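Colleague: My structure is in coords_27.txt, and what it holds is compact mmCIF, C-alpha atoms and all ligand atoms:
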# COMPACT_ATOMS: atom_id res chain seq x y z
CA MET A 62 110.06 122.26 139.85
CA THR A 63 112.34 119.39 139.05
CA GLU A 64 112.00 117.80 142.49
CA ILE A 65 108.20 117.59 142.36
CA PHE A 66 108.27 115.99 138.95
CA GLU A 67 111.17 113.59 139.35
CA LYS A 68 110.48 109.89 138.95
CA THR A 69 110.35 107.90 142.15
CA SER A 70 108.90 104.72 143.64
CA ILE A 71 107.24 103.09 146.64
CA ASN A 72 108.43 99.50 146.98
CA THR A 73 107.86 98.02 143.49
CA MET A 74 105.51 100.79 142.34
CA ALA A 75 107.18 103.24 139.95
CA LEU A 76 105.76 106.75 140.12
CA PRO A 77 106.19 109.68 137.71
CA ASN A 78 106.25 112.39 140.40
CA ARG A 79 105.97 113.11 144.13
CA LEU A 80 102.32 114.23 144.13
CA VAL A 81 99.64 111.98 145.63
CA ARG A 82 95.85 112.34 145.60
CA SER A 83 95.13 111.86 149.29
CA ALA A 84 92.22 109.54 150.04
CA THR A 85 88.98 111.45 149.47
CA TRP A 86 85.48 110.02 149.97
CA GLU A 87 83.64 110.89 146.79
CA GLY A 88 80.10 109.70 147.64
CA MET A 89 79.76 108.16 144.17
CA CYS A 90 79.02 104.52 145.00
CA ASP A 91 75.77 102.55 145.16
CA PRO A 92 74.14 102.08 148.60
CA ASP A 93 75.73 98.60 148.85
CA GLY A 94 79.22 100.03 148.23
CA ARG A 95 79.61 99.10 144.55
CA PRO A 96 81.61 101.81 142.73
CA GLY A 97 79.43 103.85 140.39
CA SER A 98 80.30 104.78 136.80
CA ARG A 99 80.68 108.42 137.87
CA LEU A 100 83.47 107.40 140.27
CA ILE A 101 85.31 105.41 137.62
CA GLU A 102 85.16 108.38 135.25
CA TYR A 103 86.37 110.64 138.06
CA TYR A 104 89.47 108.47 138.61
CA ASN A 105 90.07 108.54 134.85
CA THR A 106 90.00 112.36 134.96
CA LEU A 107 92.39 112.44 137.92
CA ALA A 108 94.82 110.04 136.25
CA LYS A 109 94.77 112.11 133.05
CA GLY A 110 95.47 115.25 135.10
CA GLY A 111 98.95 114.00 135.97
CA ILE A 112 98.74 112.99 139.64
CA GLY A 113 101.42 110.36 140.37
CA LEU A 114 99.33 108.16 142.66
CA ILE A 115 95.60 108.18 143.36
CA ILE A 116 94.53 106.89 146.77
CA SER A 117 90.86 105.90 146.64
CA GLY A 118 88.24 107.22 149.03
CA TYR A 119 88.06 105.29 152.30
CA THR A 120 86.61 101.87 151.58
CA PHE A 121 84.82 99.79 154.19
CA ILE A 122 86.13 96.29 154.75
CA CYS A 123 82.95 95.03 156.42
CA PRO A 124 79.43 96.52 156.56
CA GLU A 125 79.77 97.43 160.27
CA GLY A 126 82.61 99.79 159.35
CA LYS A 127 80.65 102.03 156.98
CA GLN A 128 80.14 105.71 157.76
CA LEU A 129 78.94 107.86 154.85
CA PRO A 130 76.54 107.55 151.91
CA GLY A 131 78.07 106.61 148.60
CA GLN A 132 81.11 105.14 150.36
CA MET A 133 82.98 102.36 148.53
CA GLY A 134 82.92 98.81 149.95
CA ILE A 135 85.30 95.89 149.41
CA HIS A 136 83.60 93.50 151.83
CA THR A 137 82.35 91.13 149.12
CA ASP A 138 83.55 89.43 145.92
CA ASP A 139 80.47 90.72 144.10
CA PHE A 140 82.04 93.95 142.78
CA ALA A 141 85.06 92.31 141.12
CA ASP A 142 84.08 93.34 137.57
CA THR A 143 83.55 96.96 138.58
CA PHE A 144 86.84 97.17 140.47
CA ASN A 145 88.69 95.58 137.54
CA LYS A 146 87.21 98.20 135.25
CA MET A 147 88.28 100.96 137.66
CA THR A 148 91.92 99.90 137.84
CA ASP A 149 92.07 99.26 134.05
CA ILE A 150 90.81 102.76 133.30
CA VAL A 151 93.38 104.35 135.60
CA HIS A 152 96.20 102.23 134.16
CA ASN A 153 95.15 102.98 130.58
CA ALA A 154 95.33 106.69 131.44
CA GLY A 155 98.92 106.16 132.67
CA GLY A 156 98.02 106.40 136.38
CA LYS A 157 98.44 104.34 139.53
CA ILE A 158 95.75 103.69 142.13
CA ALA A 159 95.92 102.42 145.71
CA ILE A 160 92.87 101.60 147.82
CA GLN A 161 92.38 103.03 151.31
CA LEU A 162 90.89 100.46 153.69
CA VAL A 163 88.88 101.54 156.72
CA HIS A 164 86.71 100.39 159.57
CA ALA A 165 85.00 103.47 161.01
CA GLY A 166 84.57 101.85 164.47
CA GLY A 167 82.78 104.22 166.86
CA GLN A 168 82.52 106.80 164.06
CA ALA A 169 80.39 104.42 161.97
CA ASN A 170 76.84 105.50 161.28
CA GLN A 171 74.17 102.95 162.12
CA LYS A 172 71.87 104.36 159.42
CA MET A 173 74.56 103.48 156.85
CA SER A 174 75.95 100.29 158.35
CA GLY A 175 72.80 98.75 159.80
CA HIS A 176 74.71 97.91 163.00
CA PRO A 177 75.33 99.63 166.33
CA PRO A 178 78.85 101.11 166.15
CA LEU A 179 81.72 99.03 167.57
CA ALA A 180 84.84 100.49 169.19
CA PRO A 181 87.74 99.51 171.46
CA SER A 182 85.79 100.79 174.49
CA ALA A 183 82.21 101.80 175.20
CA VAL A 184 83.04 105.42 175.98
CA LYS A 185 81.14 108.66 175.55
CA VAL A 186 83.41 111.03 173.63
CA ALA A 187 82.70 113.96 171.33
CA GLN A 188 83.95 112.17 168.22
CA PHE A 189 81.35 109.35 168.56
CA PRO A 190 77.73 110.05 167.61
CA VAL A 191 76.52 107.44 170.16
CA ILE A 192 78.19 105.31 172.84
CA PRO A 193 79.60 102.36 170.87
CA THR A 194 79.64 98.67 171.82
CA MET A 195 83.01 97.40 173.08
CA LEU A 196 84.69 94.95 170.70
CA SER A 197 85.20 91.43 172.04
CA GLN A 198 88.45 89.58 171.31
CA THR A 199 86.53 87.49 168.76
CA ASP A 200 85.27 90.68 167.06
CA ILE A 201 88.86 91.92 166.89
CA LYS A 202 90.02 88.70 165.19
CA ASP A 203 87.12 88.94 162.72
CA ILE A 204 88.01 92.52 161.81
CA VAL A 205 91.69 91.67 161.31
CA LYS A 206 90.54 88.86 158.99
CA ALA A 207 88.20 91.25 157.13
CA PHE A 208 91.17 93.61 156.51
CA SER A 209 93.23 90.77 155.03
CA GLN A 210 90.37 89.44 152.89
CA ALA A 211 89.73 92.95 151.57
CA SER A 212 93.45 93.27 150.80
CA LEU A 213 93.53 90.02 148.83
CA ARG A 214 90.58 91.23 146.80
CA ALA A 215 92.23 94.62 146.20
CA LYS A 216 95.43 93.00 144.96
CA SER A 217 93.54 90.63 142.66
CA TYR A 218 91.52 93.55 141.20
CA GLY A 219 94.70 95.28 140.04
CA PHE A 220 95.15 97.97 142.68
CA ASP A 221 98.78 99.10 142.79
CA GLY A 222 98.90 99.36 146.56
CA ILE A 223 96.95 99.44 149.81
CA GLN A 224 96.73 102.20 152.39
CA ILE A 225 95.52 101.32 155.89
CA HIS A 226 93.48 104.21 157.31
CA CYS A 227 94.82 104.83 160.80
CA ALA A 228 93.99 108.54 161.01
CA HIS A 229 91.06 110.94 161.60
CA GLY A 230 89.60 109.06 164.55
CA TYR A 231 88.59 105.83 162.77
CA LEU A 232 88.88 102.38 164.34
CA ILE A 233 92.65 101.85 164.23
CA ASN A 234 93.21 105.42 165.44
CA GLN A 235 90.66 104.67 168.22
CA PHE A 236 92.87 101.80 169.39
CA LEU A 237 95.95 104.07 169.42
CA SER A 238 94.22 106.85 171.36
CA PRO A 239 94.24 106.58 175.17
CA LEU A 240 90.95 108.52 175.16
CA THR A 241 88.97 106.04 173.06
CA ASN A 242 90.90 102.93 174.10
CA GLN A 243 90.36 102.27 177.79
CA ARG A 244 90.67 98.49 177.53
CA ALA A 245 92.20 96.45 180.32
CA ASP A 246 93.32 93.53 178.07
CA GLU A 247 96.45 93.28 175.89
CA TYR A 248 94.95 95.82 173.42
CA GLY A 249 94.82 98.69 175.94
CA GLY A 250 97.12 100.58 178.30
CA SER A 251 100.72 101.12 177.15
CA ILE A 252 101.50 102.26 173.60
CA GLU A 253 102.80 98.73 172.93
CA ASN A 254 99.32 97.43 173.77
CA ARG A 255 97.38 100.19 172.03
CA SER A 256 99.27 99.54 168.80
CA ARG A 257 98.80 95.74 168.95
CA PHE A 258 95.62 95.89 166.83
CA LEU A 259 97.32 98.01 164.13
CA PHE A 260 100.34 95.70 164.03
CA LYS A 261 98.10 92.64 163.71
CA VAL A 262 96.23 94.29 160.83
CA TYR A 263 99.53 95.26 159.18
CA GLU A 264 101.12 91.82 159.63
CA GLU A 265 98.02 89.95 158.48
CA ILE A 266 97.74 92.08 155.34
CA ARG A 267 101.47 91.78 154.65
CA SER A 268 101.29 88.00 154.97
CA VAL A 269 98.63 87.79 152.27
CA VAL A 270 99.88 90.44 149.80
CA GLY A 271 103.60 89.65 150.06
CA GLU A 272 106.76 91.68 150.66
CA SER A 273 106.89 93.33 147.26
CA PHE A 274 103.33 94.70 147.26
CA PRO A 275 103.16 98.41 148.23
CA LEU A 276 101.48 98.64 151.64
CA PHE A 277 101.31 101.93 153.47
CA ILE A 278 99.42 103.81 156.12
CA LYS A 279 97.78 107.15 156.85
CA LEU A 280 98.56 107.98 160.46
CA ASN A 281 97.51 110.77 162.79
CA ALA A 282 100.58 112.46 164.24
CA ALA A 283 98.24 114.04 166.82
CA ASP A 284 94.50 113.84 167.44
CA TYR A 285 94.22 117.36 168.90
CA VAL A 286 91.67 116.23 171.48
CA ASP A 287 92.30 116.10 175.23
CA GLY A 288 93.60 112.65 176.10
CA GLY A 289 94.00 111.60 172.45
CA LEU A 290 97.02 110.36 170.49
CA GLU A 291 100.06 112.64 170.66
CA ILE A 292 103.18 113.03 168.55
CA GLU A 293 105.50 111.00 170.85
CA ASP A 294 103.32 107.91 170.50
CA ALA A 295 102.84 108.51 166.78
CA VAL A 296 106.63 108.61 166.33
CA TRP A 297 106.98 105.38 168.34
CA VAL A 298 104.35 103.64 166.18
CA SER A 299 106.00 104.92 162.98
CA LYS A 300 109.41 103.60 164.03
CA LYS A 301 107.95 100.16 164.73
CA LEU A 302 106.07 100.11 161.44
CA SER A 303 109.22 101.11 159.60
CA GLN A 304 111.11 98.25 161.26
CA LYS A 305 108.30 95.88 160.29
CA GLY A 306 108.64 96.90 156.64
CA ILE A 307 105.84 99.41 155.96
CA ASP A 308 106.42 101.01 152.56
CA ALA A 309 105.33 104.58 153.36
CA ILE A 310 103.64 106.66 156.04
CA GLU A 311 101.26 109.52 155.19
CA VAL A 312 101.07 111.96 158.09
CA SER A 313 97.82 113.73 158.97
CA SER A 314 96.18 114.90 162.21
CA GLY A 315 92.91 115.68 163.94
CA THR A 316 89.49 114.09 164.27
CA GLY A 317 85.97 115.36 163.75
CA ALA A 318 86.08 116.57 167.38
CA SER A 319 89.25 118.67 167.03
CA GLY A 320 87.56 122.00 166.30
CA ALA A 321 89.70 124.27 164.12
CA LEU A 322 92.39 121.57 164.08
CA THR A 323 90.19 119.18 162.10
CA PRO A 324 91.99 117.03 159.47
CA ILE A 325 90.38 119.27 156.84
CA ARG A 326 91.18 122.81 158.00
CA THR A 327 89.46 125.81 156.48
CA LYS A 328 90.83 129.28 155.76
CA ILE A 329 94.07 128.22 154.07
CA ILE A 330 94.24 131.74 152.67
CA SER A 331 97.91 132.62 153.10
CA PRO A 332 101.18 130.69 152.75
CA ASP A 333 101.68 130.54 156.54
CA LYS A 334 98.47 128.50 156.86
CA GLU A 335 99.68 125.91 154.34
CA ALA A 336 101.46 122.63 155.05
CA TYR A 337 99.89 122.24 158.48
CA ASN A 338 101.16 118.71 159.12
CA LEU A 339 104.61 119.19 157.65
CA GLU A 340 106.49 119.67 160.93
CA HIS A 341 104.98 116.50 162.38
CA ALA A 342 105.69 114.63 159.15
CA LEU A 343 109.34 115.71 159.35
CA ALA A 344 109.56 114.59 162.99
CA ILE A 345 108.39 111.16 161.84
CA LYS A 346 110.66 111.21 158.78
CA ASP A 347 113.65 111.71 161.10
CA GLU A 348 112.95 108.39 162.81
CA VAL A 349 112.00 106.05 159.95
CA SER A 350 113.64 104.54 156.91
CA CYS A 351 110.54 104.47 154.64
CA PRO A 352 109.25 107.35 152.51
CA VAL A 353 106.98 109.86 154.27
CA MET A 354 104.06 111.77 152.75
CA ALA A 355 102.71 114.99 154.22
CA VAL A 356 99.08 116.01 153.70
CA GLY A 357 97.08 119.03 154.77
CA GLY A 358 96.75 122.49 153.28
CA PHE A 359 99.34 122.36 150.49
CA ARG A 360 98.33 124.97 147.92
CA SER A 361 101.51 126.52 146.41
CA SER A 362 104.02 124.75 144.22
CA GLU A 363 106.82 126.80 145.86
CA ILE A 364 105.92 125.49 149.32
CA ILE A 365 105.70 121.94 147.99
CA GLU A 366 109.02 122.28 146.19
CA LYS A 367 110.66 123.61 149.34
CA ALA A 368 109.20 120.80 151.50
CA ILE A 369 110.72 118.24 149.13
CA LYS A 370 113.99 119.91 148.20
CA GLU A 371 115.01 121.66 151.41
CA LYS A 372 113.18 119.71 154.10
CA GLY A 373 113.48 116.28 152.54
CA ILE A 374 109.86 115.11 152.60
CA ASP A 375 109.27 112.38 150.03
CA PHE A 376 105.69 112.98 148.86
CA ILE A 377 103.04 115.67 149.12
CA SER A 378 99.39 114.65 149.19
CA LEU A 379 96.51 116.83 148.03
CA SER A 380 92.78 116.39 148.43
CA ARG A 381 90.63 119.51 148.03
CA PRO A 382 92.84 121.23 145.40
CA LEU A 383 92.23 118.29 143.07
CA ILE A 384 88.45 118.43 143.57
CA ARG A 385 88.59 121.90 142.09
CA GLU A 386 91.38 121.25 139.57
CA PRO A 387 91.89 117.56 138.72
CA ASP A 388 94.61 118.62 136.27
CA LEU A 389 96.55 120.72 138.80
CA PRO A 390 99.70 118.52 138.55
CA ASP A 391 99.82 119.00 134.78
CA ARG A 392 99.17 122.71 135.12
CA TRP A 393 102.18 123.08 137.42
CA LYS A 394 104.29 120.80 135.26
CA GLN A 395 103.58 122.98 132.26
CA GLY A 396 104.95 125.97 134.16
CA ASP A 397 101.75 127.68 135.34
CA ASN A 398 102.85 128.11 138.95
CA ARG A 399 99.80 129.90 140.29
CA PRO A 400 98.66 128.33 143.57
CA ALA A 401 95.77 125.88 143.66
CA ALA A 402 92.48 127.69 143.11
CA CYS A 403 90.86 125.80 146.03
CA ILE A 404 89.65 128.21 148.74
CA SER A 405 89.40 125.48 151.44
CA CYS A 406 85.73 126.22 152.13
CA ASN A 407 84.77 122.52 152.51
CA LYS A 408 81.56 123.04 150.56
CA CYS A 409 82.56 120.00 148.46
CA PHE A 410 81.16 117.68 151.19
CA LYS A 411 77.50 118.58 150.79
CA PRO A 412 77.01 117.37 147.21
CA GLY A 413 78.68 114.11 148.30
CA LEU A 414 76.00 113.71 150.95
CA PHE A 415 73.00 114.84 148.96
CA LYS A 416 73.74 114.99 145.23
CA GLY A 417 75.43 111.72 144.36
CA GLY A 418 79.02 112.93 144.51
CA ILE A 419 81.42 115.65 145.62
CA TYR A 420 82.26 118.64 143.45
CA CYS A 421 83.66 122.12 143.97
CA VAL A 422 80.63 124.27 144.78
CA PRO A 423 82.25 127.71 144.23
CA LYS A 424 83.70 126.58 140.89
CA ARG A 425 80.29 125.37 139.69
CA ALA A 426 78.66 128.59 140.87
CA GLU A 427 81.24 130.64 138.95
CA ALA A 428 80.65 128.54 135.83
CA ASN A 429 76.88 129.03 136.13
CA ASN A 430 77.30 132.81 136.43
CA HIS A 431 79.14 133.03 133.13
C1 LIG B 501 85.38 115.59 150.61
C2 LIG B 501 86.53 115.02 151.40
C3 LIG B 501 86.56 113.66 151.67
C4 LIG B 501 87.64 113.10 152.39
N1 LIG B 501 87.71 111.74 152.56
C5 LIG B 501 88.79 111.19 153.14
C6 LIG B 501 88.95 109.78 153.15
O1 LIG B 501 88.15 109.01 152.62
N2 LIG B 501 90.06 109.29 153.78
C7 LIG B 501 91.01 110.10 154.35
O2 LIG B 501 92.00 109.61 154.88
N3 LIG B 501 90.89 111.44 154.30
C8 LIG B 501 89.82 111.99 153.69
N4 LIG B 501 89.75 113.36 153.57
C9 LIG B 501 90.86 114.19 154.09
C10 LIG B 501 91.89 114.45 152.99
O3 LIG B 501 92.49 113.26 152.53
C11 LIG B 501 93.03 115.36 153.52
O4 LIG B 501 93.69 114.70 154.56
C12 LIG B 501 92.52 116.73 153.99
O5 LIG B 501 91.48 117.20 153.14
C13 LIG B 501 93.62 117.78 154.02
O6 LIG B 501 94.24 117.91 152.76
P1 LIG B 501 93.89 119.12 151.72
O7 LIG B 501 94.16 120.39 152.44
O8 LIG B 501 94.81 118.86 150.56
O9 LIG B 501 92.46 118.99 151.36
C14 LIG B 501 88.68 113.94 152.86
C15 LIG B 501 88.63 115.31 152.58
C16 LIG B 501 87.59 115.85 151.86
C17 LIG B 501 87.58 117.32 151.55
Turn the structure described in the file into structure tokens.

Modeller:
Amino acid sequence: MTEIFEKTSINTMALPNRLVRSATWEGMCDPDGRPGSRLIEYYNTLAKGGIGLIISGYTFICPEGKQLPGQMGIHTDDFADTFNKMTDIVHNAGGKIAIQLVHAGGQANQKMSGHPPLAPSAVKVAQFPVIPTMLSQTDIKDIVKAFSQASLRAKSYGFDGIQIHCAHGYLINQFLSPLTNQRADEYGGSIENRSRFLFKVYEEIRSVVGESFPLFIKLNAADYVDGGLEIEDAVWVSKKLSQKGIDAIEVSSGTGASGALTPIRTKIISPDKEAYNLEHALAIKDEVSCPVMAVGGFRSSEIIEKAIKEKGIDFISLSRPLIREPDLPDRWKQGDNRPAACISCNKCFKPGLFKGGIYCVPKRAEANNH
């Protein structure tokens, strides 16, 4: 497994291997978004388990963009001490941590955010719980500013990089999708127009964090909803971002309304079900000059090794396998090549919603039975 565990880098960030903890909402923050001590300890455990790069759970950049309980917020300067502690703990454990920035847009939850959801267009679609309010041009400018202010904070708190969340049906993805973006101004219509908001966010963040600071994106290669974003447009956007200097692209797919093709597919019970975004990630890789990460259903070290060595993907991201086994990278490195023990049941969500933080439910049940 030399390829998985070879040293590499993203821009100025040196990494010990090609494994990434994909952004995973943990539900371990206070109601105002301040990271809780349980979350900081969780990142410590992940860093000690050998993952090359941790990407934080999706973090709201302004209160209107919040979706779930226990979600992390970076909309204020008030949590500086807690964030500093978080990045110090990860660094002391030998790890690296990037923050994933999000505005949930029409997928925001008014009970969490205290505001009616905002989106590119006021449309009724399955992925929105209610019909959102259409963003004005002033709102758009304010949100772009909120992304850059959040980024400045993240850099000053010692994060090693920033990932812009442009996947899974959240606000930036809503702008890219012809289904959720039906605007008649310069932000809607052609793919050039639908990507204008993303490019503004990218350029604004880049201008405040500088050229050498690792800045990357998680992008849907396809939404898998009728009328949503499709691979051709995703490739176009990726090419442009690569030309603009993005440092990496993580390729995912699906929204909450995509049925079995959700971003978080279940029943990954055989090797042929694994690596479900790899082909799309390779299509994007063919057209860009930056590193590409593939996420979604990776469970076997052999499949990961093959994706890197034979297919040329740069990084593999994992979410659920690390909820069950935070030390999975070290286990594989030490030669125990058994696949991840995760059974892709998605039961980890519920304790995040109701018990103060995600955990692997089957693993805990097994432990209690012994
Ligand atoms: C509990 C949970 C929370 C998640 N939260 C996020 C998130 O905050 N941001 C994000 O981009 N993806 C999130 N995801 C999706 C994962 O990053 C990943 O794309 C997906 O689970 C597929 O990868 P896997 O098969 O390795 O789990 C979450 C997944 C789970 C299970």

Colleague: Rank nothing, just name the residue among A:Thr63, A:Ser217, A:Gln243, A:Asn281 nearest to ligand LIG 501 (chain B), using all atoms listed in the file.

Modeller: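 Selected residue with least distance to ligand LIG 501 (chain B): A:Asn281.
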
Colleague: Distance limit 9 Å, reference ligand LIG 501 (chain B), atoms considered: all atoms listed in the file. Which residues make the cut? Give them as a PDB file with C-alpha atoms, in the coordinates of the input.

Modeller:
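Saved to out02.pdb:
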ATOM      1  CA  ARG A  82      95.850 112.340 145.600  1.00  0.00           C
ATOM      2  CA  SER A  83      95.130 111.860 149.290  1.00  0.00           C
ATOM      3  CA  ALA A  84      92.220 109.540 150.040  1.00  0.00           C
ATOM      4  CA  THR A  85      88.980 111.450 149.470  1.00  0.00           C
ATOM      5  CA  TRP A  86      85.480 110.020 149.970  1.00  0.00           C
ATOM      6  CA  GLU A  87      83.640 110.890 146.790  1.00  0.00           C
ATOM      7  CA  GLY A  88      80.100 109.700 147.640  1.00  0.00           C
ATOM      8  CA  ILE A 116      94.530 106.890 146.770  1.00  0.00           C
ATOM      9  CA  SER A 117      90.860 105.900 146.640  1.00  0.00           C
ATOM     10  CA  GLY A 118      88.240 107.220 149.030  1.00  0.00           C
ATOM     11  CA  TYR A 119      88.060 105.290 152.300  1.00  0.00           C
ATOM     12  CA  THR A 120      86.610 101.870 151.580  1.00  0.00           C
ATOM     13  CA  GLN A 132      81.110 105.140 150.360  1.00  0.00           C
ATOM     14  CA  GLN A 161      92.380 103.030 151.310  1.00  0.00           C
ATOM     15  CA  LEU A 162      90.890 100.460 153.690  1.00  0.00           C
ATOM     16  CA  VAL A 163      88.880 101.540 156.720  1.00  0.00           C
ATOM     17  CA  HIS A 226      93.480 104.210 157.310  1.00  0.00           C
ATOM     18  CA  CYS A 227      94.820 104.830 160.800  1.00  0.00           C
ATOM     19  CA  ALA A 228      93.990 108.540 161.010  1.00  0.00           C
ATOM     20  CA  HIS A 229      91.060 110.940 161.600  1.00  0.00           C
ATOM     21  CA  LYS A 279      97.780 107.150 156.850  1.00  0.00           C
ATOM     22  CA  LEU A 280      98.560 107.980 160.460  1.00  0.00           C
ATOM     23  CA  VAL A 312     101.070 111.960 158.090  1.00  0.00           C
ATOM     24  CA  SER A 313      97.820 113.730 158.970  1.00  0.00           C
ATOM     25  CA  SER A 314      96.180 114.900 162.210  1.00  0.00           C
ATOM     26  CA  THR A 323      90.190 119.180 162.100  1.00  0.00           C
ATOM     27  CA  PRO A 324      91.990 117.030 159.470  1.00  0.00           C
ATOM     28  CA  ILE A 325      90.380 119.270 156.840  1.00  0.00           C
ATOM     29  CA  ARG A 326      91.180 122.810 158.000  1.00  0.00           C
ATOM     30  CA  THR A 327      89.460 125.810 156.480  1.00  0.00           C
ATOM     31  CA  ILE A 329      94.070 128.220 154.070  1.00  0.00           C
ATOM     32  CA  GLU A 335      99.680 125.910 154.340  1.00  0.00           C
ATOM     33  CA  ALA A 336     101.460 122.630 155.050  1.00  0.00           C
ATOM     34  CA  TYR A 337      99.890 122.240 158.480  1.00  0.00           C
ATOM     35  CA  VAL A 356      99.080 116.010 153.700  1.00  0.00           C
ATOM     36  CA  GLY A 357      97.080 119.030 154.770  1.00  0.00           C
ATOM     37  CA  GLY A 358      96.750 122.490 153.280  1.00  0.00           C
ATOM     38  CA  PHE A 359      99.340 122.360 150.490  1.00  0.00           C
ATOM     39  CA  ARG A 360      98.330 124.970 147.920  1.00  0.00           C
ATOM     40  CA  ILE A 377     103.040 115.670 149.120  1.00  0.00           C
ATOM     41  CA  SER A 378      99.390 114.650 149.190  1.00  0.00           C
ATOM     42  CA  LEU A 379      96.510 116.830 148.030  1.00  0.00           C
ATOM     43  CA  SER A 380      92.780 116.390 148.430  1.00  0.00           C
ATOM     44  CA  ARG A 381      90.630 119.510 148.030  1.00  0.00           C
ATOM     45  CA  PRO A 382      92.840 121.230 145.400  1.00  0.00           C
ATOM     46  CA  LEU A 383      92.230 118.290 143.070  1.00  0.00           C
ATOM     47  CA  ILE A 384      88.450 118.430 143.570  1.00  0.00           C
ATOM     48  CA  CYS A 403      90.860 125.800 146.030  1.00  0.00           C
ATOM     49  CA  SER A 405      89.400 125.480 151.440  1.00  0.00           C
ATOM     50  CA  ASN A 407      84.770 122.520 152.510  1.00  0.00           C
ATOM     51  CA  LYS A 408      81.560 123.040 150.560  1.00  0.00           C
ATOM     52  CA  CYS A 409      82.560 120.000 148.460  1.00  0.00           C
ATOM     53  CA  PHE A 410      81.160 117.680 151.190  1.00  0.00           C
ATOM     54  CA  LYS A 411      77.500 118.580 150.790  1.00  0.00           C
ATOM     55  CA  GLY A 413      78.680 114.110 148.300  1.00  0.00           C
ATOM     56  CA  ILE A 419      81.420 115.650 145.620  1.00  0.00           C
ATOM     57  CA  TYR A 420      82.260 118.640 143.450  1.00  0.00           C
TER      58      TYR A 420
END

Colleague: Report, in Å with one decimal, the straight-line distance from atom CA of A:Thr73 to atom CA of A:Val298.

Modeller: 23.6 Å

Colleague: Name the residues in contact with stretch 101-113 of chain A at a cut-off of 6 Å, using only C-alpha atoms, excluding same-chain residues fewer than 5 positions from it; report them as a list of chain:residue names.

Modeller: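 Close residues of stretch 101-113 of chain A: A:Leu76, A:Pro77, A:Asn78, A:Leu80, A:Val81, A:Met147, A:Val151, A:Ala154, A:Gly156, A:Pro387, A:Asp388, A:Pro390, A:Asp391.
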
Colleague: Identify which of the residues A:Leu237, A:Ile225, A:Leu339, A:Val270 lies closest to A:Gly289, counting only C-alpha atoms when measuring atom-to-atom distances.

Modeller: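 For A:Gly289, the nearest of the given residues is A:Leu237.
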
Colleague: Kindly extract all protein, DNA and RNA residues lying within 9 Å of the coordinates (105.1, 95.5, 157.8) given in the file, considering only C-alpha atoms, and supply them as a PyMOL selection string.

Modeller: chain A and resi 260+263-264+266-268+272+276-277+301-308

Colleague: Hey, can you check how far atom CA of A:Gly175 sits from atom CA of A:Gly315?

Modeller: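 About the pair atom CA of A:Gly175 and atom CA of A:Gly315: they are 26.6 Å apart.
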
Colleague: Please determine, counting only C-alpha atoms, which residue among A:His341, A:Lys334, A:His164, A:Lys216 has the shortest atom-to-atom distance to A:Val262.

Modeller: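 Between A:His341, A:Lys334, A:His164, A:Lys216, the residue approaching A:Val262 most closely is A:His164.
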
Colleague: What's the separation between atom CA of A:Pro193 and atom CA of A:Leu290, in Å to one decimal place?

Modeller: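 Interatomic distance, atom CA of A:Pro193 to atom CA of A:Leu290: 19.2 Å.
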
Colleague: Given the choices A:Ile160, A:Gln235, A:Asp221, A:Ile364, which gets closest to A:Leu196 if the distance is worked out from all atoms listed in the file?

Modeller: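 Using all atoms listed in the file, A:Leu196 sits closest to A:Gln235.
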
Colleague: Could you tell me, as a ChimeraX atom specification, which residues have any atom at most 12 Å from (76.0, 100.5, 168.6), counting all atoms listed in the file?

Modeller: /A:125-126,166-172,174-180,182-185,189-196

Colleague: Which residue gives the smallest distance to A:Phe415 among A:Leu129, A:Ile365, A:Ile330, A:Leu259, with all atoms listed in the file counted?

Modeller: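 When distances to A:Phe415 are compared using all atoms listed in the file, the smallest one comes from A:Leu129.
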
Colleague: Can you pull out the residues contacting stretch 397-399 of chain A? Cut-off 8 Å, using only C-alpha atoms, and skip same-chain residues under 4 positions away; I want them as an MDAnalysis selection string.

Modeller: chainID A and resid 361:362 392:393

Colleague: Of the residues A:Thr316, A:Trp297, A:Gln395, A:Phe376, which is the one nearest to A:Val349, using only C-alpha atoms?

Modeller: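 Selected residue with least distance to A:Val349: A:Trp297.
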
Colleague: Set the distance at 8 Å and use all atoms listed in the file: which residues neighbour A:Ile374 once local chain neighbours fewer than 2 positions away are removed? I'd like the list as a ChimeraX atom specification.

Modeller: /A:342-343,346,352-355,368-370,372,376-377

Colleague: Save the residues we just selected, C-alpha atoms, as a tab-separated table (two decimals), keeping the file's coordinate frame?

Modeller:
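File produced: result24.tsv:
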chain	number	residue	atom	x	y	z
A	342	ALA	CA	105.69	114.63	159.15
A	343	LEU	CA	109.34	115.71	159.35
A	346	LYS	CA	110.66	111.21	158.78
A	352	PRO	CA	109.25	107.35	152.51
A	353	VAL	CA	106.98	109.86	154.27
A	354	MET	CA	104.06	111.77	152.75
A	355	ALA	CA	102.71	114.99	154.22
A	368	ALA	CA	109.20	120.80	151.50
A	369	ILE	CA	110.72	118.24	149.13
A	370	LYS	CA	113.99	119.91	148.20
A	372	LYS	CA	113.18	119.71	154.10
A	376	PHE	CA	105.69	112.98	148.86
A	377	ILE	CA	103.04	115.67	149.12
